[in-house]
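Student: Please see the structure below; I have some questions.
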Protein chains: 2
Amino acid sequence: MGKTTDQLISLAKEVSSNPVPRELDMLLTTGEQISAALLSMALNEINIKAISLNGFQAGIVTTPDFNSARIISIDKDKILNLLDENDAIVITGFQGVTEENELTTLGRGGSDTSAVALAAHLGFDVEIYSDVAGIYTTDPKLHPNAKKIKYISYDEMLELAGSGAKVLHSRSVEIAKKYNIKIYCASTFSNEEGSYVVNEELIIESPVVSGLSVMDNQVQVTIKQLPLDYTLVHSIFEKIANSGFNVDMISIINYENSLAVSFTVIQEQKHEIIEMLHNTLKELDDYHIEYHKGFSKISIVGIGMKSASGVAARFFNALKDIPIRLVTTSEIKISALIENENKQKVVDALAKEFDL
Amino acid sequence: MGKTTDQLISLAKEVSSNPVPRELDMLLTTGEQISAALLSMALNEINIKAISLNGFQAGIVTTPDFNSARIISIDKDKILNLLDENDAIVITGFQGVTEENELTTLGRGGSDTSAVALAAHLGFDVEIYSDVAGIYTTDPKLHPNAKKIKYISYDEMLELAGSGAKVLHSRSVEIAKKYNIKIYCASTFSNEEGSYVVNEELIIESPVVSGLSVMDNQVQVTIKQLPLDYTLVHSIFEKIANSGFNVDMISIINYENSLAVSFTVIQEQKHEIIEMLHNTLKELDDYHIEYHKGFSKISIVGIGMKSASGVAARFFNALKDIPIRLVTTSEIKISALIENENKQKVVDALAKEFDL
């Protein structure tokens, strides 16, 4: 049933160029209800007494933000009572209901988020089965020698998910971290052992770098010749954030009595963000916006970085022949923006340097 | 979206030979939710402010009979308030929710039933648009000269629907009759005027025969050599009714100190009903069950029959060369069971005789 949501969205696009968000959620919530009902039937067929519940029936109350709702509460008692009467409960992910009984969806990563939120409310751990056999040091499609990670901390997983790893969505990891819920990720199609996302304290000794992630389709946007006015810069980023764009790798440089601001954005949002910038800056006498596409962001992540020294030096050394356009670092992550054509070379060099 | 329910049922059959009724309703309710959301999006696209409501949101409370629920109540105030705030409300048909928040479907004819029940509760008339341009004196596919009926009474429509006409389901007509709701049936695809189903008193003069209907796939079942015990006959029909079979054209004959019972049933139910009869009768020393398939039931319907005489004579005269296996009559209907191969000849003869 993996393509159901895409099919529903294309039905919506057939009747409306810009579907009403409320109605889009009325449409999209049906996808998981179909899957949940079918799974429950299949379980009953093999004598496992199961019932399916949709978001409303499971009392998954959300904020009224159509297409990107957040879970407020879950009807724990109802679910636990039904678990007493049945062998299994199949609950639709990705959806909920507002206090006014409006149907909502949780947006990207919504199914993982539902699973972890349910586990958190019910006091269970969570197991997530997908077509990926676990969490790898890097994407096995890019680097066939990638190793499966047995234990990874919430913070490392958050950094990896936020910088391109697709196995778990950041939102689900945030909830797991907040409620200290262990997540087990494994493949639906094999019995091979998967990976655990756990509290850092449960990992006795982490490698310096746990994983590497890659995010393609990056566009670098640079605004030059801005007046030396940091409140203007602040208002630019506030507008960007309020419009729901995800900008990343922000750097601000004071350059010959003007400011230059540079950041990355995904290819799909380039047009809209450039338009918004021109609107925001139109009162200025002089400014210059340029953008370059065709970049990838490569990040290495590891809680071991906190205590190890020289990681940045090893990182730059491994990339010594590669032009780097932007660099950002956090306590447990180093990211570099590189040209897409150098991606494979960089992945291989970093995987070799950090044994990923 | 006409095939959605069939597609969902075939998905269910892929995972379970006999899907749990509750889960089947979880699955089937999604079909109309998809259509309602898409219609609402399309309306908004042309600047008609619309919202869709599923059965639960519209407060359509039903009995807990999965797959064949009956409507108990509708949240009139909520719907009327939303109608004040919007140009249009799109409500899913065919479904409801129990007092325990379980999703239900109404079974056959459920969408028409929902429409008429909503109209009844809200105090509106109802218009039903489909691929049929109205109600015809007989099926235009069988008799290309069939005429469209402008006004037909509830009772005539009930008899026509119950004897094979597919344009409206009996359940919806029953509700319309009970609440005196005018139903208008017309085509989605043309502006041609359709047909009205109304209170008999609004029709100044009806033709003697308003319409003709045909039901194919009829099997005649006859039980012979039953003891002269009408309580046994009563218990047979009680069992049949309780098992949800639709038997029709019942006739009982006292024949040489034994009873013979004959009735019709649709082909699809033949096996089950024969099995049930054998179970019911197994204590008897002597009985004989025979069945013959390949019959059609032809009915003529008209409230004018009540006052006109000689209708039956004209009916039998028109069919004088055709073997008739069973006949039943009501105040406004005459039905005959004939061999399928004679169907066209009978339809043409009756259409000619009664100007249909």
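We name chains A, B, ... following the order of the structure tokens; residues begin at 1 in each chain, and ligands are numbered from 1 as shown.
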Contacts of Ile72 of chain B at 7 Å or less, counting only C-alpha atoms, minus same-chain residues fewer than 3 places along, as a list in words?
Tutor: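 Returned residues: Val61, Thr62 and Thr63 of chain B.
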Student: Take the residues from that selection and put them in a file with C-alpha atoms, as a short mmCIF file (atom, residue, chain, number, x, y, z; two decimals), in the first residue's frame.
Tutor:
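New file out_26.cif:
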data_model
loop_
_atom_site.label_atom_id
_atom_site.label_comp_id
_atom_site.auth_asym_id
_atom_site.auth_seq_id
_atom_site.Cartn_x
_atom_site.Cartn_y
_atom_site.Cartn_z
CA VAL B 61 -25.74 7.58 14.13
CA THR B 62 -26.69 4.05 13.09
CA THR B 63 -27.49 0.69 14.61
#
Student: Residues near Leu28 of chain B, anyone? I mean within 12 Å using only C-alpha atoms, not counting same-chain ones fewer than 3 positions away, as an NGL selection string.
Tutor: (:A and (30-31 or 33-35 or 37-38)) or (:B and (3-12 or 19 or 21-25 or 31-34 or 66-67 or 92-96 or 103-107 or 110))
Student: Take the selection from the previous step and output its residues with N, CA and C atoms, as a short mmCIF file (atom, residue, chain, number, x, y, z; two decimals), in the first residue's frame.
Tutor:
data_model
loop_
_atom_site.label_atom_id
_atom_site.label_comp_id
_atom_site.auth_asym_id
_atom_site.auth_seq_id
_atom_site.Cartn_x
_atom_site.Cartn_y
_atom_site.Cartn_z
N THR A 30 -7.78 8.72 4.58
CA THR A 30 -8.35 7.43 4.16
C THR A 30 -7.26 6.40 3.86
N GLY A 31 -6.09 6.86 3.44
CA GLY A 31 -5.04 5.92 3.04
C GLY A 31 -4.67 4.96 4.15
N GLN A 33 -6.37 4.40 6.82
CA GLN A 33 -7.54 3.64 7.28
C GLN A 33 -7.73 2.38 6.42
N ILE A 34 -7.47 2.52 5.12
CA ILE A 34 -7.54 1.36 4.23
C ILE A 34 -6.50 0.32 4.66
N SER A 35 -5.25 0.76 4.88
CA SER A 35 -4.20 -0.19 5.26
C SER A 35 -4.49 -0.85 6.60
N ALA A 37 -7.41 -1.33 8.09
CA ALA A 37 -8.52 -2.28 7.99
C ALA A 37 -8.05 -3.58 7.34
N LEU A 38 -7.24 -3.46 6.28
CA LEU A 38 -6.76 -4.66 5.58
C LEU A 38 -5.84 -5.48 6.48
N LYS B 3 -16.24 2.87 -9.22
CA LYS B 3 -15.79 1.50 -8.96
C LYS B 3 -15.06 1.35 -7.63
N THR B 4 -14.97 2.43 -6.85
CA THR B 4 -14.15 2.40 -5.64
C THR B 4 -14.55 1.28 -4.68
N THR B 5 -15.85 1.15 -4.41
CA THR B 5 -16.29 0.13 -3.46
C THR B 5 -15.90 -1.27 -3.94
N ASP B 6 -16.10 -1.51 -5.25
CA ASP B 6 -15.70 -2.82 -5.78
C ASP B 6 -14.20 -3.07 -5.62
N GLN B 7 -13.41 -2.01 -5.86
CA GLN B 7 -11.96 -2.16 -5.71
C GLN B 7 -11.58 -2.46 -4.27
N LEU B 8 -12.24 -1.77 -3.33
CA LEU B 8 -11.93 -2.00 -1.92
C LEU B 8 -12.32 -3.42 -1.51
N ILE B 9 -13.48 -3.88 -2.00
CA ILE B 9 -13.89 -5.25 -1.67
C ILE B 9 -12.89 -6.25 -2.22
N SER B 10 -12.36 -6.00 -3.43
CA SER B 10 -11.41 -6.99 -3.96
C SER B 10 -10.09 -6.95 -3.19
N LEU B 11 -9.70 -5.76 -2.67
CA LEU B 11 -8.53 -5.72 -1.78
C LEU B 11 -8.78 -6.58 -0.54
N ALA B 12 -9.98 -6.46 0.02
CA ALA B 12 -10.31 -7.25 1.22
C ALA B 12 -10.24 -8.74 0.93
N PRO B 19 -13.94 -11.55 5.20
CA PRO B 19 -13.47 -10.44 6.04
C PRO B 19 -14.39 -10.17 7.23
N PRO B 21 -16.77 -8.38 9.45
CA PRO B 21 -17.68 -7.29 9.03
C PRO B 21 -17.28 -5.92 9.56
N ARG B 22 -16.82 -5.86 10.82
CA ARG B 22 -16.41 -4.56 11.36
C ARG B 22 -15.27 -3.95 10.54
N GLU B 23 -14.29 -4.78 10.20
CA GLU B 23 -13.13 -4.28 9.45
C GLU B 23 -13.51 -3.95 8.02
N LEU B 24 -14.45 -4.70 7.47
CA LEU B 24 -14.91 -4.39 6.11
C LEU B 24 -15.53 -2.99 6.10
N ASP B 25 -16.25 -2.64 7.14
CA ASP B 25 -16.83 -1.29 7.18
C ASP B 25 -15.76 -0.22 7.39
N GLY B 31 -14.24 4.89 0.90
CA GLY B 31 -14.57 5.18 -0.50
C GLY B 31 -15.32 6.50 -0.65
N GLU B 32 -16.40 6.65 0.10
CA GLU B 32 -17.19 7.88 -0.02
C GLU B 32 -16.44 9.07 0.59
N GLN B 33 -15.57 8.80 1.57
CA GLN B 33 -14.79 9.92 2.13
C GLN B 33 -13.85 10.49 1.06
N ILE B 34 -13.26 9.60 0.27
CA ILE B 34 -12.40 10.05 -0.83
C ILE B 34 -13.21 10.90 -1.82
N PHE B 66 -22.98 -4.06 11.40
CA PHE B 66 -21.97 -3.81 10.37
C PHE B 66 -22.46 -4.33 9.02
N ASN B 67 -22.17 -3.59 7.97
CA ASN B 67 -22.49 -3.92 6.57
C ASN B 67 -23.98 -3.73 6.23
N THR B 92 -20.74 12.34 3.16
CA THR B 92 -20.57 10.97 2.67
C THR B 92 -21.87 10.20 2.83
N GLY B 93 -22.27 9.47 1.79
CA GLY B 93 -23.41 8.59 1.91
C GLY B 93 -22.97 7.22 2.37
N PHE B 94 -23.95 6.32 2.57
CA PHE B 94 -23.64 4.88 2.69
C PHE B 94 -23.01 4.54 4.04
N GLN B 95 -22.85 5.54 4.95
CA GLN B 95 -22.10 5.24 6.16
C GLN B 95 -22.61 6.00 7.36
N GLY B 96 -22.23 5.52 8.52
CA GLY B 96 -22.55 6.20 9.76
C GLY B 96 -21.60 5.76 10.83
N LEU B 103 -17.42 2.52 13.04
CA LEU B 103 -17.88 2.91 11.71
C LEU B 103 -18.74 1.81 11.10
N THR B 104 -19.83 2.22 10.44
CA THR B 104 -20.75 1.26 9.84
C THR B 104 -21.06 1.68 8.41
N THR B 105 -21.50 0.70 7.60
CA THR B 105 -22.07 1.04 6.29
C THR B 105 -23.51 0.54 6.26
N LEU B 106 -24.27 1.12 5.34
CA LEU B 106 -25.71 0.88 5.31
C LEU B 106 -26.10 -0.27 4.39
N GLY B 107 -25.12 -0.84 3.68
CA GLY B 107 -25.45 -1.93 2.76
C GLY B 107 -26.05 -1.42 1.46
N GLY B 110 -27.34 2.11 0.01
CA GLY B 110 -27.02 2.96 1.15
C GLY B 110 -26.85 4.44 0.81
#
Student: What is the distance between atom CA of Pro144 of chain B and atom CA of Glu331 of chain B, in Å to one decimal?
Tutor: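 Here the two named atoms are 28.1 Å from each other.
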Student: Find the residues around Ile303 of chain B up to 7 Å (only C-alpha atoms counted), leave out those fewer than 4 positions away in its own chain, and share them as a list of chain:residue names.
Tutor: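 Listing them by chain and then by number gives B:Glu156, B:Ser206, B:Val208, B:Ile332.
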Student: Would you kindly return, as a ChimeraX atom specification, each protein, DNA or RNA residue with an atom no farther than 10 Å from any atom of segment 250-264 of chain B, considering only C-alpha atoms and excluding same-chain residues fewer than 6 positions away?
Tutor: /B:217-230,233,237,270,287-293,295-297,326-328,337
Student: Those same residues, written as a PDB file, in the first residue's frame with C-alpha atoms?
Tutor:
ATOM      1  CA  ASN B 217     -31.347 -14.713 -12.377  1.00  0.00           C
ATOM      2  CA  GLN B 218     -34.444 -16.110 -10.690  1.00  0.00           C
ATOM      3  CA  VAL B 219     -34.459 -19.692  -9.456  1.00  0.00           C
ATOM      4  CA  GLN B 220     -37.739 -21.421  -8.664  1.00  0.00           C
ATOM      5  CA  VAL B 221     -37.534 -23.649  -5.609  1.00  0.00           C
ATOM      6  CA  THR B 222     -40.363 -26.099  -4.917  1.00  0.00           C
ATOM      7  CA  ILE B 223     -40.777 -28.280  -1.832  1.00  0.00           C
ATOM      8  CA  LYS B 224     -43.245 -31.112  -2.368  1.00  0.00           C
ATOM      9  CA  GLN B 225     -44.888 -33.746  -0.147  1.00  0.00           C
ATOM     10  CA  LEU B 226     -44.807 -31.643   2.989  1.00  0.00           C
ATOM     11  CA  PRO B 227     -47.272 -32.736   5.725  1.00  0.00           C
ATOM     12  CA  LEU B 228     -50.441 -30.650   5.945  1.00  0.00           C
ATOM     13  CA  ASP B 229     -48.899 -28.517   8.694  1.00  0.00           C
ATOM     14  CA  TYR B 230     -48.993 -24.766   8.192  1.00  0.00           C
ATOM     15  CA  VAL B 233     -44.489 -23.784   6.495  1.00  0.00           C
ATOM     16  CA  PHE B 237     -40.259 -18.895   5.928  1.00  0.00           C
ATOM     17  CA  LYS B 270     -29.678 -20.892  -4.307  1.00  0.00           C
ATOM     18  CA  TYR B 287     -40.165 -34.496   1.381  1.00  0.00           C
ATOM     19  CA  HIS B 288     -38.845 -33.517  -1.996  1.00  0.00           C
ATOM     20  CA  ILE B 289     -37.017 -30.335  -3.033  1.00  0.00           C
ATOM     21  CA  GLU B 290     -36.585 -29.357  -6.646  1.00  0.00           C
ATOM     22  CA  TYR B 291     -35.273 -26.223  -8.255  1.00  0.00           C
ATOM     23  CA  HIS B 292     -35.147 -24.769 -11.762  1.00  0.00           C
ATOM     24  CA  LYS B 293     -32.992 -21.904 -12.849  1.00  0.00           C
ATOM     25  CA  PHE B 295     -36.131 -17.553 -15.027  1.00  0.00           C
ATOM     26  CA  SER B 296     -36.954 -13.855 -15.140  1.00  0.00           C
ATOM     27  CA  LYS B 297     -39.628 -12.096 -13.148  1.00  0.00           C
ATOM     28  CA  LEU B 326     -45.706 -18.509 -11.089  1.00  0.00           C
ATOM     29  CA  VAL B 327     -47.899 -15.464 -10.710  1.00  0.00           C
ATOM     30  CA  THR B 328     -48.311 -13.080  -7.806  1.00  0.00           C
ATOM     31  CA  LEU B 337     -42.167 -15.800 -13.596  1.00  0.00           C
TER      32      LEU B 337
END
Student: Which residues come within 8 Å of Leu142 of chain B, counting only C-alpha atoms, excluding same-chain residues fewer than 2 positions away, as a PyMOL selection string?
Tutor: chain B and resi 138-140+144+344+347
Student: Export, as a CSV table (one decimal), in the first residue's frame, the selected residues with N, CA and C atoms.
Tutor:
chain,number,residue,atom,x,y,z
B,138,THR,N,-40.0,1.3,-18.6
B,138,THR,CA,-39.3,0.1,-18.5
B,138,THR,C,-37.8,0.4,-18.9
B,139,ASP,N,-37.0,-0.6,-18.7
B,139,ASP,CA,-35.5,-0.4,-18.9
B,139,ASP,C,-35.3,-0.1,-20.4
B,140,PRO,N,-34.8,1.1,-20.7
B,140,PRO,CA,-34.5,1.4,-22.1
B,140,PRO,C,-33.6,0.5,-22.8
B,144,PRO,N,-36.2,0.0,-26.3
B,144,PRO,CA,-35.6,1.3,-26.6
B,144,PRO,C,-36.7,2.4,-26.7
B,344,GLN,N,-37.6,-11.0,-23.8
B,344,GLN,CA,-37.7,-9.9,-24.7
B,344,GLN,C,-39.1,-9.8,-25.3
B,347,VAL,N,-41.5,-8.5,-22.7
B,347,VAL,CA,-41.4,-7.0,-22.4
B,347,VAL,C,-42.0,-6.3,-23.6
Student: Enumerate as JSON, numbers by chain all residues of segment 3-162 of chain A assigned to strand (DSSP E) by DSSP on the backbone, naming them with the chain letters and numbers the document uses.
Tutor: {"A": [50, 51, 52, 53, 61, 62, 71, 72, 73, 88, 89, 90, 91, 95, 96, 97, 103, 104, 105, 126, 127, 128, 129, 130, 135, 136, 148, 149, 151, 152, 153]}
Student: From the list A:Val126, A:Ile79, A:Val132, A:Ile300, which residue is nearest Asn180 of chain A when using only C-alpha atoms?
Tutor: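 The answer is A:Val126, which sits nearest to Asn180 of chain A.
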Student: From the options A:Asn86, A:Asn47, A:Asn101, A:Asn279, which residue's atoms come nearest to chain B, counting only C-alpha atoms?
Tutor: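 With only C-alpha atoms as the atom set, the closest residue is A:Asn101.
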Student: Please return, as an MDAnalysis selection string, all residues of segment 49-287 of chain B that DSSP assigns to helix (DSSP H, G or I) on the basis of the backbone.
Tutor: chainID B and resid 76:85 110:122 154:162 170:179 200:202 230:242 267:281
Student: Which residue, A:Thr113, A:Ser16, A:Ser307, A:Asn145, has the smallest gap to Asn44 of chain B when you use only C-alpha atoms?
Tutor: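 The closest residue to Asn44 of chain B is A:Ser16.
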Student: Near Ile46 of chain A, within 12 Å and counting only C-alpha atoms, which residues show up once chain neighbours fewer than 3 positions away are dropped, as an mmCIF file with N, CA and C atoms, in the first residue's frame?
Tutor:
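around19.cif written:
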data_model
loop_
_atom_site.group_PDB
_atom_site.id
_atom_site.type_symbol
_atom_site.label_atom_id
_atom_site.label_comp_id
_atom_site.auth_asym_id
_atom_site.auth_seq_id
_atom_site.Cartn_x
_atom_site.Cartn_y
_atom_site.Cartn_z
ATOM 1 N N LEU A 39 -4.949 -4.799 7.228
ATOM 2 C CA LEU A 39 -4.053 -5.534 8.124
ATOM 3 C C LEU A 39 -4.861 -6.259 9.201
ATOM 4 N N SER A 40 -5.854 -5.573 9.738
ATOM 5 C CA SER A 40 -6.678 -6.192 10.771
ATOM 6 C C SER A 40 -7.424 -7.417 10.230
ATOM 7 N N MET A 41 -7.962 -7.301 9.009
ATOM 8 C CA MET A 41 -8.623 -8.463 8.383
ATOM 9 C C MET A 41 -7.649 -9.622 8.230
ATOM 10 N N ALA A 42 -6.426 -9.296 7.760
ATOM 11 C CA ALA A 42 -5.427 -10.339 7.521
ATOM 12 C C ALA A 42 -5.059 -11.031 8.838
ATOM 13 N N LEU A 43 -4.961 -10.248 9.932
ATOM 14 C CA LEU A 43 -4.648 -10.838 11.238
ATOM 15 C C LEU A 43 -5.783 -11.756 11.686
ATOM 16 N N LYS A 49 -7.004 -12.155 16.987
ATOM 17 C CA LYS A 49 -8.175 -11.282 17.131
ATOM 18 C C LYS A 49 -7.699 -9.828 17.142
ATOM 19 N N ALA A 50 -8.029 -9.115 16.078
ATOM 20 C CA ALA A 50 -7.526 -7.747 15.932
ATOM 21 C C ALA A 50 -8.666 -6.807 15.602
ATOM 22 N N ASP A 87 -6.230 -9.468 20.693
ATOM 23 C CA ASP A 87 -4.819 -9.832 20.611
ATOM 24 C C ASP A 87 -3.987 -8.675 20.062
ATOM 25 N N VAL B 15 -6.862 -10.436 1.188
ATOM 26 C CA VAL B 15 -6.255 -10.768 2.483
ATOM 27 C C VAL B 15 -7.125 -11.680 3.334
ATOM 28 N N SER B 16 -8.393 -11.830 2.986
ATOM 29 C CA SER B 16 -9.259 -12.646 3.824
ATOM 30 C C SER B 16 -10.407 -13.197 2.989
ATOM 31 N N SER B 17 -10.644 -14.501 3.127
ATOM 32 C CA SER B 17 -11.722 -15.111 2.352
ATOM 33 C C SER B 17 -13.076 -14.647 2.879
ATOM 34 N N ASN B 18 -13.109 -14.290 4.145
ATOM 35 C CA ASN B 18 -14.375 -13.918 4.769
ATOM 36 C C ASN B 18 -14.097 -12.765 5.730
ATOM 37 N N PRO B 19 -13.939 -11.547 5.204
ATOM 38 C CA PRO B 19 -13.468 -10.437 6.039
ATOM 39 C C PRO B 19 -14.394 -10.165 7.234
ATOM 40 N N VAL B 20 -13.785 -9.845 8.360
ATOM 41 C CA VAL B 20 -14.548 -9.466 9.548
ATOM 42 C C VAL B 20 -15.459 -8.286 9.182
#
Student: Work out how far apart atom CA of Lys150 of chain B and atom CA of Ala186 of chain B are and give it in Å to one decimal.
Tutor: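 About the pair atom CA of Lys150 of chain B and atom CA of Ala186 of chain B: they are 10.7 Å apart.
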Student: Mind checking which residues fall within 12 Å of Ser213 of chain A, counting only C-alpha atoms, ignoring those fewer than 5 positions away in the same chain, and posting them as an MDAnalysis selection string?
Tutor: chainID A and resid 135:143 146 156:167 296:302 333:336 343 346:347 350:351 356
